[in-house]
$ cat model_18.pdb   # PDB, C-alpha atoms
ATOM      1  CA  MET A   1     -16.922-153.743  68.230
ATOM      2  CA  ASN A   2     -20.504-154.766  67.739
ATOM      3  CA  LEU A   3     -23.533-154.305  69.942
ATOM      4  CA  GLU A   4     -27.202-154.976  69.683
ATOM      5  CA  LEU A   5     -28.950-151.749  70.662
ATOM      6  CA  ASN A   6     -32.726-151.997  71.070
ATOM      7  CA  GLY A   7     -32.726-155.027  68.806
ATOM      8  CA  GLN A   8     -30.659-153.410  66.033
ATOM      9  CA  PRO A   9     -26.976-154.188  65.238
ATOM     10  CA  ARG A  10     -24.575-151.299  65.910
ATOM     11  CA  SER A  11     -20.844-151.021  65.298
ATOM     12  CA  PHE A  12     -18.355-148.877  67.180
ATOM     13  CA  ASP A  13     -14.644-148.205  66.650
ATOM     14  CA  GLY A  14     -13.064-149.650  69.761
ATOM     15  CA  PRO A  15     -14.424-150.011  73.287
ATOM     16  CA  VAL A  16     -17.424-147.940  74.280
ATOM     17  CA  THR A  17     -19.025-147.144  77.626
ATOM     18  CA  VAL A  18     -22.734-147.325  78.369
ATOM     19  CA  GLY A  19     -22.699-143.561  78.941
ATOM     20  CA  ALA A  20     -21.280-142.954  75.460
ATOM     21  CA  VAL A  21     -23.948-145.144  73.856
ATOM     22  CA  VAL A  22     -26.682-143.290  75.767
ATOM     23  CA  ASP A  23     -25.308-139.886  74.792
ATOM     24  CA  GLY A  24     -25.188-140.967  71.165
ATOM     25  CA  GLU A  25     -28.907-141.701  71.223
ATOM     26  CA  VAL A  26     -30.506-139.006  73.387
ATOM     27  CA  ASP A  27     -29.782-135.340  74.027
ATOM     28  CA  ASP A  28     -30.773-135.585  77.640
ATOM     29  CA  ARG A  29     -30.127-138.370  80.145
ATOM     30  CA  ARG A  30     -33.258-137.514  82.109
ATOM     31  CA  GLY A  31     -35.940-140.172  82.052
ATOM     32  CA  VAL A  32     -33.954-142.913  80.339
ATOM     33  CA  ALA A  33     -32.712-146.230  81.689
ATOM     34  CA  VAL A  34     -30.423-148.971  80.446
ATOM     35  CA  ALA A  35     -30.305-152.744  80.697
ATOM     36  CA  VAL A  36     -27.319-154.736  79.466
ATOM     37  CA  ASP A  37     -27.846-158.425  78.737
ATOM     38  CA  GLY A  38     -31.100-158.279  80.685
ATOM     39  CA  GLU A  39     -29.671-156.653  83.800
ATOM     40  CA  VAL A  40     -30.616-153.081  84.707
ATOM     41  CA  LEU A  41     -27.556-150.891  85.059
ATOM     42  CA  PRO A  42     -27.597-148.134  87.691
ATOM     43  CA  ARG A  43     -27.260-144.662  86.221
ATOM     44  CA  SER A  44     -24.268-144.052  88.472
ATOM     45  CA  SER A  45     -22.213-146.707  86.670
ATOM     46  CA  TRP A  46     -23.002-145.806  83.044
ATOM     47  CA  ASP A  47     -19.763-143.910  82.550
ATOM     48  CA  THR A  48     -17.565-146.527  84.186
ATOM     49  CA  THR A  49     -19.061-149.583  82.476
ATOM     50  CA  THR A  50     -17.420-150.608  79.209
ATOM     51  CA  LEU A  51     -19.556-152.822  77.018
ATOM     52  CA  HIS A  52     -18.308-156.171  75.792
ATOM     53  CA  ASP A  53     -18.473-157.224  72.182
ATOM     54  CA  GLY A  54     -21.908-158.606  71.385
ATOM     55  CA  ALA A  55     -23.621-156.992  74.384
ATOM     56  CA  LYS A  56     -27.381-156.625  74.155
ATOM     57  CA  VAL A  57     -28.265-153.108  75.236
ATOM     58  CA  GLU A  58     -31.787-151.906  75.885
ATOM     59  CA  LEU A  59     -32.248-148.131  76.143
ATOM     60  CA  VAL A  60     -35.721-147.096  77.282
ATOM     61  CA  GLY A  61     -37.413-143.798  77.948
ATOM     62  CA  ALA A  62     -40.690-142.383  79.194
ATOM     63  CA  VAL A  63     -43.782-142.744  77.033
ATOM     64  CA  GLN A  64     -47.430-142.097  77.801
ATOM     65  CA  GLY A  65     -48.978-145.043  79.562
ATOM     66  CA  GLY A  66     -51.643-145.917  82.098
TER
ATOM     67  CA  MET B   1     -60.738-132.883 101.253
ATOM     68  CA  ASP B   2     -58.926-132.240 104.495
ATOM     69  CA  GLU B   3     -57.646-135.775 105.075
ATOM     70  CA  PRO B   4     -55.039-136.525 102.384
ATOM     71  CA  LEU B   5     -54.488-139.840 100.689
ATOM     72  CA  THR B   6     -51.147-140.992 102.084
ATOM     73  CA  ILE B   7     -49.047-143.616 100.319
ATOM     74  CA  ALA B   8     -46.140-145.041 102.311
ATOM     75  CA  GLY B   9     -45.925-141.840 104.363
ATOM     76  CA  THR B  10     -46.274-139.445 101.427
ATOM     77  CA  PRO B  11     -49.440-137.305 101.601
ATOM     78  CA  LEU B  12     -51.002-136.441  98.231
ATOM     79  CA  ARG B  13     -53.081-133.394  97.368
ATOM     80  CA  SER B  14     -55.538-135.350  95.260
ATOM     81  CA  ARG B  15     -57.230-138.738  95.467
ATOM     82  CA  LEU B  16     -57.216-138.976  91.691
ATOM     83  CA  VAL B  17     -54.235-140.562  89.908
ATOM     84  CA  LEU B  18     -54.111-139.908  86.181
ATOM     85  CA  GLY B  19     -52.707-142.372  83.690
ATOM     86  CA  THR B  20     -51.096-140.609  80.746
ATOM     87  CA  GLY B  21     -51.807-143.269  78.116
ATOM     88  CA  GLY B  22     -54.092-142.543  75.206
ATOM     89  CA  ALA B  23     -53.888-138.735  74.948
ATOM     90  CA  SER B  24     -53.861-137.473  71.369
ATOM     91  CA  SER B  25     -51.062-134.993  72.057
ATOM     92  CA  LEU B  26     -48.862-133.788  74.875
ATOM     93  CA  ASP B  27     -50.710-130.475  74.876
ATOM     94  CA  VAL B  28     -54.029-132.245  75.454
ATOM     95  CA  LEU B  29     -52.402-134.313  78.167
ATOM     96  CA  GLU B  30     -50.961-131.284  79.926
ATOM     97  CA  ARG B  31     -54.314-129.521  80.034
ATOM     98  CA  ALA B  32     -55.966-132.694  81.356
ATOM     99  CA  ILE B  33     -53.356-133.090  84.095
ATOM    100  CA  VAL B  34     -53.885-129.510  85.240
ATOM    101  CA  ALA B  35     -57.691-129.803  85.117
ATOM    102  CA  SER B  36     -57.676-133.095  87.032
ATOM    103  CA  GLY B  37     -55.908-131.556  90.008
ATOM    104  CA  THR B  38     -53.871-134.747  90.355
ATOM    105  CA  ASP B  39     -50.377-134.814  91.717
ATOM    106  CA  VAL B  40     -49.458-138.306  90.498
ATOM    107  CA  VAL B  41     -49.340-139.502  86.893
ATOM    108  CA  THR B  42     -48.341-142.888  85.522
ATOM    109  CA  VAL B  43     -45.849-143.268  82.702
ATOM    110  CA  ALA B  44     -44.531-146.284  80.817
ATOM    111  CA  LEU B  45     -41.086-147.180  79.512
ATOM    112  CA  ARG B  46     -40.405-148.208  75.950
ATOM    113  CA  ARG B  47     -37.370-148.413  73.698
ATOM    114  CA  VAL B  48     -36.027-144.976  72.777
ATOM    115  CA  THR B  49     -36.652-144.290  69.107
ATOM    116  CA  ASP B  50     -36.771-141.108  67.074
ATOM    117  CA  ARG B  51     -39.446-139.628  69.289
ATOM    118  CA  GLN B  52     -38.195-137.134  71.827
ATOM    119  CA  PRO B  53     -38.201-138.779  75.236
ATOM    120  CA  GLY B  54     -37.713-135.420  76.947
ATOM    121  CA  SER B  55     -41.016-133.866  76.006
ATOM    122  CA  LEU B  56     -43.270-136.002  78.227
ATOM    123  CA  LEU B  57     -40.876-135.278  81.064
ATOM    124  CA  ASP B  58     -41.187-131.569  80.303
ATOM    125  CA  VAL B  59     -44.967-131.819  80.734
ATOM    126  CA  ILE B  60     -44.461-133.604  84.034
ATOM    127  CA  GLU B  61     -41.987-131.003  85.243
ATOM    128  CA  ARG B  62     -44.154-128.065  84.193
ATOM    129  CA  THR B  63     -47.216-129.480  85.943
ATOM    130  CA  GLY B  64     -45.238-130.391  89.062
ATOM    131  CA  VAL B  65     -46.712-133.881  89.358
ATOM    132  CA  ARG B  66     -44.979-136.983  90.662
ATOM    133  CA  VAL B  67     -44.171-139.877  88.357
ATOM    134  CA  LEU B  68     -45.544-143.346  89.025
ATOM    135  CA  PRO B  69     -43.731-145.599  86.525
ATOM    136  CA  ASN B  70     -45.733-148.617  85.429
ATOM    137  CA  THR B  71     -44.804-152.092  84.238
ATOM    138  CA  ALA B  72     -47.408-152.155  81.472
ATOM    139  CA  GLY B  73     -47.005-154.962  78.985
ATOM    140  CA  CYS B  74     -45.233-157.385  81.323
ATOM    141  CA  TYR B  75     -46.484-160.970  81.421
ATOM    142  CA  THR B  76     -44.033-162.471  83.912
ATOM    143  CA  ALA B  77     -42.735-161.531  87.345
ATOM    144  CA  GLY B  78     -39.191-161.405  85.975
ATOM    145  CA  GLU B  79     -40.031-158.877  83.265
ATOM    146  CA  ALA B  80     -42.048-156.778  85.710
ATOM    147  CA  VAL B  81     -39.243-156.670  88.267
ATOM    148  CA  ARG B  82     -36.725-155.579  85.621
ATOM    149  CA  THR B  83     -39.133-152.977  84.256
ATOM    150  CA  ALA B  84     -39.609-151.632  87.774
ATOM    151  CA  GLN B  85     -35.824-151.394  88.113
ATOM    152  CA  LEU B  86     -35.685-149.483  84.810
ATOM    153  CA  GLY B  87     -38.344-147.112  86.137
ATOM    154  CA  ARG B  88     -36.351-146.536  89.289
ATOM    155  CA  GLU B  89     -33.267-145.626  87.260
ATOM    156  CA  ALA B  90     -35.139-143.515  84.728
ATOM    157  CA  PHE B  91     -37.194-141.446  87.166
ATOM    158  CA  GLU B  92     -35.208-141.799  90.383
ATOM    159  CA  THR B  93     -38.232-143.003  92.314
ATOM    160  CA  ASP B  94     -38.970-146.149  94.305
ATOM    161  CA  TRP B  95     -42.634-145.969  93.329
ATOM    162  CA  VAL B  96     -43.956-148.514  90.864
ATOM    163  CA  LYS B  97     -47.391-149.287  89.511
ATOM    164  CA  LEU B  98     -47.038-153.037  89.210
ATOM    165  CA  GLU B  99     -48.945-154.619  86.339
ATOM    166  CA  VAL B 100     -48.449-158.236  85.371
ATOM    167  CA  ILE B 101     -50.926-159.167  82.698
ATOM    168  CA  GLY B 102     -52.164-162.676  82.026
ATOM    169  CA  ASP B 103     -53.801-162.290  78.655
ATOM    170  CA  GLU B 104     -53.685-159.670  75.918
ATOM    171  CA  ARG B 105     -57.389-159.742  75.148
ATOM    172  CA  THR B 106     -58.654-159.085  78.656
ATOM    173  CA  LEU B 107     -55.489-157.480  80.083
ATOM    174  CA  LEU B 108     -56.534-159.030  83.364
ATOM    175  CA  PRO B 109     -53.802-159.425  85.989
ATOM    176  CA  ASP B 110     -52.076-162.791  86.438
ATOM    177  CA  PRO B 111     -52.321-163.173  90.218
ATOM    178  CA  VAL B 112     -49.576-165.803  90.501
ATOM    179  CA  GLU B 113     -46.986-163.694  88.677
ATOM    180  CA  LEU B 114     -48.270-160.540  90.378
ATOM    181  CA  LEU B 115     -47.759-161.908  93.884
ATOM    182  CA  ASP B 116     -44.295-163.158  92.960
ATOM    183  CA  ALA B 117     -43.267-159.788  91.503
ATOM    184  CA  ALA B 118     -44.792-157.853  94.416
ATOM    185  CA  GLU B 119     -42.810-159.875  96.916
ATOM    186  CA  GLN B 120     -39.528-159.363  95.041
ATOM    187  CA  LEU B 121     -40.124-155.628  94.649
ATOM    188  CA  VAL B 122     -41.156-155.029  98.255
ATOM    189  CA  ASP B 123     -38.021-156.902  99.346
ATOM    190  CA  ALA B 124     -35.953-154.663  97.046
ATOM    191  CA  GLY B 125     -37.325-151.543  98.730
ATOM    192  CA  PHE B 126     -39.909-150.463  96.153
ATOM    193  CA  ILE B 127     -43.141-148.694  97.060
ATOM    194  CA  VAL B 128     -45.467-151.051  95.213
ATOM    195  CA  TRP B 129     -48.894-150.037  93.875
ATOM    196  CA  PRO B 130     -50.195-153.312  92.398
ATOM    197  CA  TYR B 131     -52.947-153.407  89.799
ATOM    198  CA  THR B 132     -54.975-156.448  90.783
ATOM    199  CA  ASN B 133     -58.178-158.352  90.172
ATOM    200  CA  ASP B 134     -61.144-157.441  92.347
ATOM    201  CA  ASN B 135     -60.431-160.586  94.357
ATOM    202  CA  PRO B 136     -60.395-159.950  98.108
ATOM    203  CA  ILE B 137     -58.027-162.833  98.811
ATOM    204  CA  VAL B 138     -55.394-161.659  96.319
ATOM    205  CA  ALA B 139     -55.769-158.078  97.567
ATOM    206  CA  THR B 140     -55.224-159.239 101.133
ATOM    207  CA  ARG B 141     -52.163-161.230 100.105
ATOM    208  CA  LEU B 142     -50.707-158.173  98.349
ATOM    209  CA  ALA B 143     -51.265-156.022 101.411
ATOM    210  CA  ASP B 144     -49.730-158.689 103.649
ATOM    211  CA  LEU B 145     -46.639-158.760 101.419
ATOM    212  CA  GLY B 146     -46.092-155.077 102.180
ATOM    213  CA  CYS B 147     -47.556-153.323  99.146
ATOM    214  CA  ALA B 148     -48.181-149.640  99.831
ATOM    215  CA  ALA B 149     -51.694-149.793  98.359
ATOM    216  CA  VAL B 150     -53.868-152.233  96.462
ATOM    217  CA  MET B 151     -55.460-151.267  93.157
ATOM    218  CA  PRO B 152     -58.349-153.531  92.195
ATOM    219  CA  LEU B 153     -59.927-153.133  88.786
ATOM    220  CA  GLY B 154     -63.505-152.031  88.277
ATOM    221  CA  SER B 155     -63.601-153.756  84.867
ATOM    222  CA  PRO B 156     -61.003-154.450  82.155
ATOM    223  CA  ILE B 157     -58.499-151.728  81.213
ATOM    224  CA  GLY B 158     -59.941-149.258  78.753
ATOM    225  CA  SER B 159     -63.334-150.981  78.688
ATOM    226  CA  GLY B 160     -65.236-148.103  80.278
ATOM    227  CA  MET B 161     -67.553-150.674  81.836
ATOM    228  CA  GLY B 162     -67.372-149.094  85.271
ATOM    229  CA  ILE B 163     -67.510-151.175  88.435
ATOM    230  CA  ARG B 164     -68.716-154.671  87.619
ATOM    231  CA  ASN B 165     -68.481-156.058  91.142
ATOM    232  CA  PRO B 166     -69.071-153.366  93.734
ATOM    233  CA  TYR B 167     -69.480-155.905  96.521
ATOM    234  CA  ASN B 168     -65.967-157.264  96.060
ATOM    235  CA  LEU B 169     -64.585-153.743  96.292
ATOM    236  CA  ALA B 170     -66.473-153.195  99.528
ATOM    237  CA  ILE B 171     -65.061-156.460 100.898
ATOM    238  CA  ILE B 172     -61.529-155.500  99.850
ATOM    239  CA  ARG B 173     -61.933-152.133 101.556
ATOM    240  CA  GLU B 174     -62.964-153.887 104.771
ATOM    241  CA  GLN B 175     -60.197-156.474 104.650
ATOM    242  CA  VAL B 176     -57.018-154.502 103.954
ATOM    243  CA  ASP B 177     -55.444-151.713 105.975
ATOM    244  CA  VAL B 178     -53.544-150.049 103.127
ATOM    245  CA  PRO B 179     -55.191-147.558 100.739
ATOM    246  CA  VAL B 180     -57.502-149.090  98.113
ATOM    247  CA  ILE B 181     -57.359-147.326  94.749
ATOM    248  CA  LEU B 182     -59.785-148.324  92.041
ATOM    249  CA  ASP B 183     -57.757-148.861  88.879
ATOM    250  CA  ALA B 184     -59.191-149.543  85.445
ATOM    251  CA  GLY B 185     -62.627-149.638  83.907
ATOM    252  CA  ILE B 186     -63.868-146.149  84.787
ATOM    253  CA  GLY B 187     -66.029-144.813  81.963
ATOM    254  CA  THR B 188     -67.485-141.610  83.291
ATOM    255  CA  ALA B 189     -67.706-139.435  86.375
ATOM    256  CA  SER B 190     -70.413-141.429  88.147
ATOM    257  CA  ASP B 191     -68.172-144.524  88.075
ATOM    258  CA  ALA B 192     -65.449-142.606  89.907
ATOM    259  CA  ALA B 193     -67.929-141.248  92.429
ATOM    260  CA  LEU B 194     -69.294-144.749  93.030
ATOM    261  CA  ALA B 195     -65.788-146.091  93.675
ATOM    262  CA  MET B 196     -65.275-143.483  96.360
ATOM    263  CA  GLU B 197     -68.745-144.056  97.832
ATOM    264  CA  LEU B 198     -67.894-147.744  98.126
ATOM    265  CA  GLY B 199     -64.984-146.766 100.332
ATOM    266  CA  CYS B 200     -62.071-146.578  97.925
ATOM    267  CA  ASP B 201     -59.365-144.151  98.968
ATOM    268  CA  GLY B 202     -58.586-143.070  95.437
ATOM    269  CA  VAL B 203     -59.174-143.671  91.753
ATOM    270  CA  LEU B 204     -56.649-144.237  88.975
ATOM    271  CA  LEU B 205     -57.908-143.696  85.460
ATOM    272  CA  ALA B 206     -56.512-142.893  82.044
ATOM    273  CA  SER B 207     -58.684-143.704  79.034
ATOM    274  CA  ALA B 208     -61.842-142.196  80.523
ATOM    275  CA  VAL B 209     -60.111-138.824  80.364
ATOM    276  CA  THR B 210     -57.550-139.141  77.595
ATOM    277  CA  ARG B 211     -59.990-140.721  75.127
ATOM    278  CA  ALA B 212     -62.967-138.550  76.042
ATOM    279  CA  ARG B 213     -64.134-136.144  73.334
ATOM    280  CA  ASP B 214     -62.978-133.286  75.574
ATOM    281  CA  PRO B 215     -60.230-134.622  77.867
ATOM    282  CA  GLU B 216     -59.803-131.381  79.783
ATOM    283  CA  ALA B 217     -63.511-131.184  80.625
ATOM    284  CA  MET B 218     -63.630-134.858  81.578
ATOM    285  CA  ALA B 219     -60.585-134.387  83.807
ATOM    286  CA  THR B 220     -62.461-131.613  85.588
ATOM    287  CA  ALA B 221     -65.496-133.877  85.922
ATOM    288  CA  MET B 222     -63.366-136.663  87.394
ATOM    289  CA  ARG B 223     -61.789-134.321  89.918
ATOM    290  CA  HIS B 224     -65.223-133.277  91.140
ATOM    291  CA  ALA B 225     -66.549-136.861  91.055
ATOM    292  CA  VAL B 226     -63.741-138.183  93.218
ATOM    293  CA  GLU B 227     -64.203-135.337  95.677
ATOM    294  CA  ALA B 228     -67.981-135.749  95.698
ATOM    295  CA  GLY B 229     -67.788-139.505  96.250
ATOM    296  CA  TRP B 230     -65.254-139.081  99.030
ATOM    297  CA  LEU B 231     -67.370-136.446 100.768
ATOM    298  CA  ALA B 232     -70.540-138.510 100.365
ATOM    299  CA  ARG B 233     -68.859-141.545 101.878
ATOM    300  CA  ARG B 234     -67.731-139.460 104.846
ATOM    301  CA  ALA B 235     -71.138-137.787 105.160
ATOM    302  CA  GLY B 236     -72.937-141.129 105.494
ATOM    303  CA  ARG B 237     -75.668-142.037 103.050
ATOM    304  CA  ILE B 238     -79.211-142.750 104.182
ATOM    305  CA  PRO B 239     -80.336-146.391 104.280
ATOM    306  CA  ARG B 240     -82.112-147.779 101.241
ATOM    307  CA  ARG B 241     -85.838-148.396 101.825
ATOM    308  CA  LEU B 242     -88.398-150.204  99.738
ATOM    309  CA  TYR B 243     -91.108-147.668 100.556
ATOM    310  CA  ALA B 244     -91.176-143.916 100.859
ATOM    311  CA  GLU B 245     -90.426-142.037 104.023
ATOM    312  CA  ALA B 246     -91.854-138.533 104.004
ATOM    313  CA  SER B 247     -89.416-135.769 104.664
ATOM    314  CA  THR B 248     -92.233-133.352 105.584
ATOM    315  CA  THR B 249     -94.157-133.847 108.805
ATOM    316  CA  ASP B 250     -97.918-134.585 108.755
ATOM    317  CA  GLU B 251     -98.329-132.729 112.027
ATOM    318  CA  GLY B 252    -100.138-129.393 111.704
ATOM    319  CA  ARG B 253    -101.392-130.098 108.235
ATOM    320  CA  ALA B 254    -104.279-127.744 107.359
ATOM    321  CA  ASP B 255    -107.774-129.209 106.794
ATOM    322  CA  LEU B 256    -108.444-128.198 103.241
ATOM    323  CA  LEU B 257    -111.340-130.533 102.563
ATOM    324  CA  GLY B 258    -114.550-128.797 101.550
ATOM    325  CA  PRO B 259    -117.745-128.617 103.755
ATOM    326  CA  ASP B 260    -119.504-131.328 101.653
ATOM    327  CA  THR B 261    -117.216-134.074 102.937
ATOM    328  CA  ASP B 262    -117.352-135.702 106.331
ATOM    329  CA  GLY B 263    -113.682-135.186 106.993
ATOM    330  CA  SER B 264    -112.990-138.847 107.650
ATOM    331  CA  ALA B 265    -110.908-139.410 104.560
ATOM    332  CA  GLY B 266    -107.273-138.515 104.083
TER
END
$ encode --input "model_18.pdb" --output "structure tokens"
Amino acid sequence: MNLELNGQPRSFDGPVTVGAVVDGEVDDRRGVAVAVDGEVLPRSSWDTTTLHDGAKVELVGAVQGG
Amino acid sequence: MDEPLTIAGTPLRSRLVLGTGGASSLDVLERAIVASGTDVVTVALRRVTDRQPGSLLDVIERTGVRVLPNTAGCYTAGEAVRTAQLGREAFETDWVKLEVIGDERTLLPDPVELLDAAEQLVDAGFIVWPYTNDNPIVATRLADLGCAAVMPLGSPIGSGMGIRNPYNLAIIREQVDVPVILDAGIGTASDAALAMELGCDGVLLASAVTRARDPEAMATAMRHAVEAGWLARRAGRIPRRLYAEASTTDEGRADLLGPDTDGSAG
């Protein structure tokens, strides 16, 4: 199935959870957050939410900023 | 400073909030945080790329400071609310430094979008620290909506122009009951001291420290400036006078005029 992750196309073999996508990108879940199709997804539901084909996923993390 | 700055029931050790943007390295940033004595730092959220998102968090954990996530770069209430929600999930905090910018050249707040976002976030249980214009009416509206503090600018973000309208800050301080934190425009230590002397309860700054030639030294200067301004405000300055007022009494002054004068002068 295909996703758009941070604006880039990504393909996965079969269904994938938000938690699996996060773990594929970062070593540590601290300080990151996820929005799917513009809606912020609580951390507590990452592992139980399966993404639909064509989902737009934004994965953000802490950067320096005023 | 015996009386702590308290935001929504949380007392803070320092009246200085340090923005983390602009530091040349995380090592420089860490030394500046420690030197500043702050216990709150702002951070932003951006797409995860190859950079290691953990390392800034490591600095924050080592220094023991609290995170104040910001909504930097948002131009609409909708974007700002979602960014605040991302911050809540990322850092497990209800605190948010709310920025809704109207224009990329001035980075001045858009008060219409700001008020809309503030209302939505307060209703959703956030502790909202809004970055706002130095407009007393907007500041009052933000406080009335339930924001935990109001953060008027001294001058545009990163401009280092100091406090361009001290009288508006004084009016804001008189008109709202929540803490007033000067945010943006500080160039050097005297600007921070002036903010506190005008009655501000705290100062938030980033570039003045992170882009100084020696960030650690400037962070130390800012810590002292905020403390000095706070103490001076509490101590009560003398009134301004057009003419001098001697601090030494004339009474008992010796007659040192020579015998060839008649003593009538002086």
$ interface_residues --input "model_18.pdb" --of "chain B" --to "chain A" --cutoff "7 Å" --atoms "all atoms listed in the file" --output "ChimeraX atom specification"
/B:19-21,42-48,53-54,56,82,85-86,89-91,206
$ atom_distance --input "model_18.pdb" --atom1 "atom CA of B:Leu145" --atom2 "atom CA of B:Leu18"
25.4 Å
$ resolve_selection --input "model_18.pdb" --expression "the PyMOL selection byres ((chain B and resi 226) around 7)" --output "JSON, numbers by chain"
{"B": [15, 16, 192, 193, 196, 222, 223, 224, 225, 227, 228, 229, 230]}
$ resolve_selection --input "model_18.pdb" --expression "the PyMOL selection byres ((chain B and resi 95-98) around 7)" --output "MDAnalysis selection string"
chainID B and resid 68:71 84 93:94 99:100 126:131
$ write_last_selection --input "model_18.pdb" --atoms "C-alpha atoms" --output "CSV table (one decimal), in the frame of the given file"
chain,number,residue,atom,x,y,z
B,68,LEU,CA,-45.5,-143.3,89.0
B,69,PRO,CA,-43.7,-145.6,86.5
B,70,ASN,CA,-45.7,-148.6,85.4
B,71,THR,CA,-44.8,-152.1,84.2
B,84,ALA,CA,-39.6,-151.6,87.8
B,93,THR,CA,-38.2,-143.0,92.3
B,94,ASP,CA,-39.0,-146.1,94.3
B,99,GLU,CA,-48.9,-154.6,86.3
B,100,VAL,CA,-48.4,-158.2,85.4
B,126,PHE,CA,-39.9,-150.5,96.2
B,127,ILE,CA,-43.1,-148.7,97.1
B,128,VAL,CA,-45.5,-151.1,95.2
B,129,TRP,CA,-48.9,-150.0,93.9
B,130,PRO,CA,-50.2,-153.3,92.4
B,131,TYR,CA,-52.9,-153.4,89.8
$ atom_distance --input "model_18.pdb" --atom1 "atom CA of B:Asp144" --atom2 "atom CA of B:Ala80"
19.6 Å
$ resolve_selection --input "model_18.pdb" --expression "the PyMOL selection byres ((chain B and resi 149) around 6)" --output "PyMOL selection string"
chain B and resi 129+147-148+150+178-180
$ atom_distance --input "model_18.pdb" --atom1 "atom CA of A:Ala55" --atom2 "atom CA of B:Glu79"
18.8 Å
$ residues_around --input "model_18.pdb" --residues "B:Asp103" --least-positions-apart "5" --cutoff "12 Å" --atoms "only C-alpha atoms" --output "number ranges by chain"
B: 73-76, 108-111, 156-157
$ build_atoms --input "model_18.pdb" --residues "stretch 255-260 of chain B" --atoms "all heavy atoms" --output "PDB file, in the coordinates of the input"
ATOM      1  N   ASP B 255    -106.615-128.471 107.314  1.00  0.00           N
ATOM      2  CA  ASP B 255    -107.774-129.209 106.794  1.00  0.00           C
ATOM      3  C   ASP B 255    -108.321-128.433 105.618  1.00  0.00           C
ATOM      4  O   ASP B 255    -108.948-127.391 105.780  1.00  0.00           O
ATOM      5  CB  ASP B 255    -108.820-129.349 107.892  1.00  0.00           C
ATOM      6  CG  ASP B 255    -110.030-130.132 107.389  1.00  0.00           C
ATOM      7  OD1 ASP B 255    -110.040-130.488 106.183  1.00  0.00           O
ATOM      8  OD2 ASP B 255    -110.931-130.365 108.183  1.00  0.00           O
ATOM      9  N   LEU B 256    -108.041-128.933 104.441  1.00  0.00           N
ATOM     10  CA  LEU B 256    -108.444-128.198 103.241  1.00  0.00           C
ATOM     11  C   LEU B 256    -109.576-128.890 102.506  1.00  0.00           C
ATOM     12  O   LEU B 256    -109.821-128.607 101.340  1.00  0.00           O
ATOM     13  CB  LEU B 256    -107.212-128.019 102.330  1.00  0.00           C
ATOM     14  CG  LEU B 256    -106.056-127.256 102.991  1.00  0.00           C
ATOM     15  CD1 LEU B 256    -104.850-127.241 102.084  1.00  0.00           C
ATOM     16  CD2 LEU B 256    -106.477-125.831 103.339  1.00  0.00           C
ATOM     17  N   LEU B 257    -110.226-129.857 103.200  1.00  0.00           N
ATOM     18  CA  LEU B 257    -111.340-130.533 102.563  1.00  0.00           C
ATOM     19  C   LEU B 257    -112.570-129.627 102.627  1.00  0.00           C
ATOM     20  O   LEU B 257    -112.767-128.921 103.609  1.00  0.00           O
ATOM     21  CB  LEU B 257    -111.627-131.854 103.276  1.00  0.00           C
ATOM     22  CG  LEU B 257    -110.470-132.885 103.173  1.00  0.00           C
ATOM     23  CD1 LEU B 257    -110.749-134.060 104.078  1.00  0.00           C
ATOM     24  CD2 LEU B 257    -110.290-133.322 101.749  1.00  0.00           C
ATOM     25  N   GLY B 258    -113.372-129.665 101.599  1.00  0.00           N
ATOM     26  CA  GLY B 258    -114.550-128.797 101.550  1.00  0.00           C
ATOM     27  C   GLY B 258    -115.627-129.217 102.561  1.00  0.00           C
ATOM     28  O   GLY B 258    -115.559-130.319 103.121  1.00  0.00           O
ATOM     29  N   PRO B 259    -116.678-128.357 102.780  1.00  0.00           N
ATOM     30  CA  PRO B 259    -117.745-128.617 103.755  1.00  0.00           C
ATOM     31  C   PRO B 259    -118.629-129.804 103.366  1.00  0.00           C
ATOM     32  O   PRO B 259    -119.329-130.344 104.228  1.00  0.00           O
ATOM     33  CB  PRO B 259    -118.526-127.327 103.776  1.00  0.00           C
ATOM     34  CG  PRO B 259    -118.193-126.643 102.488  1.00  0.00           C
ATOM     35  CD  PRO B 259    -116.815-127.071 102.123  1.00  0.00           C
ATOM     36  N   ASP B 260    -118.626-130.231 102.064  1.00  0.00           N
ATOM     37  CA  ASP B 260    -119.504-131.328 101.653  1.00  0.00           C
ATOM     38  C   ASP B 260    -118.884-132.700 101.916  1.00  0.00           C
ATOM     39  O   ASP B 260    -119.402-133.711 101.507  1.00  0.00           O
ATOM     40  CB  ASP B 260    -119.858-131.197 100.150  1.00  0.00           C
ATOM     41  CG  ASP B 260    -118.611-131.079  99.279  1.00  0.00           C
ATOM     42  OD1 ASP B 260    -117.522-130.713  99.823  1.00  0.00           O
ATOM     43  OD2 ASP B 260    -118.705-131.368  98.071  1.00  0.00           O
TER      44      ASP B 260
END
